[in-house]
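Student: Let me begin by handing over the structure; questions about it come next.
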Amino acid sequence: MKSPAAARGRDVRQRLLAAATELVPERGWAAVSTRVLADRAGVTPSVVHYHFPSLQALLREAVLDAMREVLESVGPALAATQNPADLVSALFGSVEPYTGVDPLSVLFIEAYLAARRDDELRDQIGGLLLAFRAQVSSWLAERGVPDPEATTEVLVATIDGLLLHRGLAPGGDPAAVTAVLRGLVTLP
């Protein structure tokens, strides 16, 4: 049986992580302070450092948890799809709700920018991306798609690029983009 104190500690930790995922898109990575974060989570600033070695460690964990959740949500599409072209449609369909200015898109954009100055964050995000690309690449290879690693790299980078562009210059026809990218994996 878990103690009430341990349950409270987990709850506070989750509130701190949730506050970080709200504040980064609202204020920007660099503008999130311990005091602002603690206030949003309803705790004192000292509690932040009780649960995390630093504010940056907390921000890293929050964004990495969100990224893992999004990347893991693609697993069912891989399992349910047999045709590589349909997988492309499923991948691009999975990001349709993201406008580039929604909180999750902005969280990821802020994290990518922060990773340029934070080696640990860059390595951790890079590790998630490499693992995801390996998963998709393996799936494509099993279905005979030529050069599955490069194809996966292009698909994943295109998704990131489209989300970034949506935030800067909305528009375009997602169906047309998906049709072009389906051509990358269509076997002769």
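Going by the structure tokens order, chains are called A, B, ..., each with residues numbered from 1, while ligands are numbered from 1 in the order shown.
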Excluding same-chain residues fewer than 3 positions from segment 90-93 of chain A, what lies within 8 Å of it counting only C-alpha atoms, as a PyMOL selection string?

Tutor: chain A and resi 74+77+86-87+96+159+178

Student: Based on the selection just made, write N, CA and C atoms of those residues as a PDB file, in the first residue's frame.

Tutor:
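What landed in again_36.pdb:
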ATOM      1  N   VAL A  74       1.387   7.043 -32.168  1.00  0.00           N
ATOM      2  CA  VAL A  74       1.486   6.584 -33.553  1.00  0.00           C
ATOM      3  C   VAL A  74       1.544   5.055 -33.624  1.00  0.00           C
ATOM      4  N   ALA A  77      -1.368   3.267 -35.178  1.00  0.00           N
ATOM      5  CA  ALA A  77      -1.449   3.456 -36.639  1.00  0.00           C
ATOM      6  C   ALA A  77      -0.515   2.489 -37.349  1.00  0.00           C
ATOM      7  N   ASP A  86      -0.961   4.285 -46.993  1.00  0.00           N
ATOM      8  CA  ASP A  86      -1.963   4.549 -45.964  1.00  0.00           C
ATOM      9  C   ASP A  86      -1.319   4.966 -44.645  1.00  0.00           C
ATOM     10  N   LEU A  87      -0.110   4.457 -44.389  1.00  0.00           N
ATOM     11  CA  LEU A  87       0.605   4.893 -43.192  1.00  0.00           C
ATOM     12  C   LEU A  87       0.926   6.384 -43.280  1.00  0.00           C
ATOM     13  N   GLU A  96      -3.216  16.488 -37.896  1.00  0.00           N
ATOM     14  CA  GLU A  96      -4.216  17.418 -38.410  1.00  0.00           C
ATOM     15  C   GLU A  96      -4.762  18.370 -37.352  1.00  0.00           C
ATOM     16  N   ILE A 159       6.680  16.525 -41.353  1.00  0.00           N
ATOM     17  CA  ILE A 159       5.649  16.767 -40.339  1.00  0.00           C
ATOM     18  C   ILE A 159       6.058  17.942 -39.466  1.00  0.00           C
ATOM     19  N   THR A 178      -0.331  15.454 -48.427  1.00  0.00           N
ATOM     20  CA  THR A 178      -0.333  14.024 -48.128  1.00  0.00           C
ATOM     21  C   THR A 178      -0.224  13.202 -49.407  1.00  0.00           C
TER      22      THR A 178
END

Student: Go through segment 2-99 of chain A and collect every residue that DSSP, computed from the backbone, puts in alpha helix (DSSP H); the answer should be as a PyMOL selection string.

Tutor: chain A and resi 4-27+34-41+45-51+55-72+75-80+84-94

Student: Any idea what the distance is between atom CA of His49 of chain A and atom CA of Val32 of chain A?

Tutor: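 Between atom CA of His49 of chain A and atom CA of Val32 of chain A the gap works out to 14.4 Å.
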
Student: Please report as JSON lines every residue of segment 19-104 of chain A lying within 10 Å of segment 113-121 of chain A, along with the nearest atom pair and their distance in Å (one decimal), using only C-alpha atoms.

Tutor:
{"residue": "A:Gly28", "atom": "CA", "partner": "A:Ala114", "partner_atom": "CA", "distance": 9.6}
{"residue": "A:Trp29", "atom": "CA", "partner": "A:Ala114", "partner_atom": "CA", "distance": 6.9}
{"residue": "A:Ala30", "atom": "CA", "partner": "A:Ala114", "partner_atom": "CA", "distance": 8.0}
{"residue": "A:Gln56", "atom": "CA", "partner": "A:Asp118", "partner_atom": "CA", "distance": 9.1}
{"residue": "A:Ala57", "atom": "CA", "partner": "A:Leu121", "partner_atom": "CA", "distance": 8.9}
{"residue": "A:Leu59", "atom": "CA", "partner": "A:Leu121", "partner_atom": "CA", "distance": 9.5}
{"residue": "A:Arg60", "atom": "CA", "partner": "A:Leu121", "partner_atom": "CA", "distance": 6.3}
{"residue": "A:Glu61", "atom": "CA", "partner": "A:Leu121", "partner_atom": "CA", "distance": 9.1}
{"residue": "A:Val63", "atom": "CA", "partner": "A:Leu121", "partner_atom": "CA", "distance": 9.4}
{"residue": "A:Leu64", "atom": "CA", "partner": "A:Leu121", "partner_atom": "CA", "distance": 8.6}

Student: Go ahead and compute the interatomic distance for atom CA of Ile109 of chain A and atom CA of Ala175 of chain A, in Å to one decimal.

Tutor: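 Separating atom CA of Ile109 of chain A from atom CA of Ala175 of chain A is a distance of 23.5 Å.
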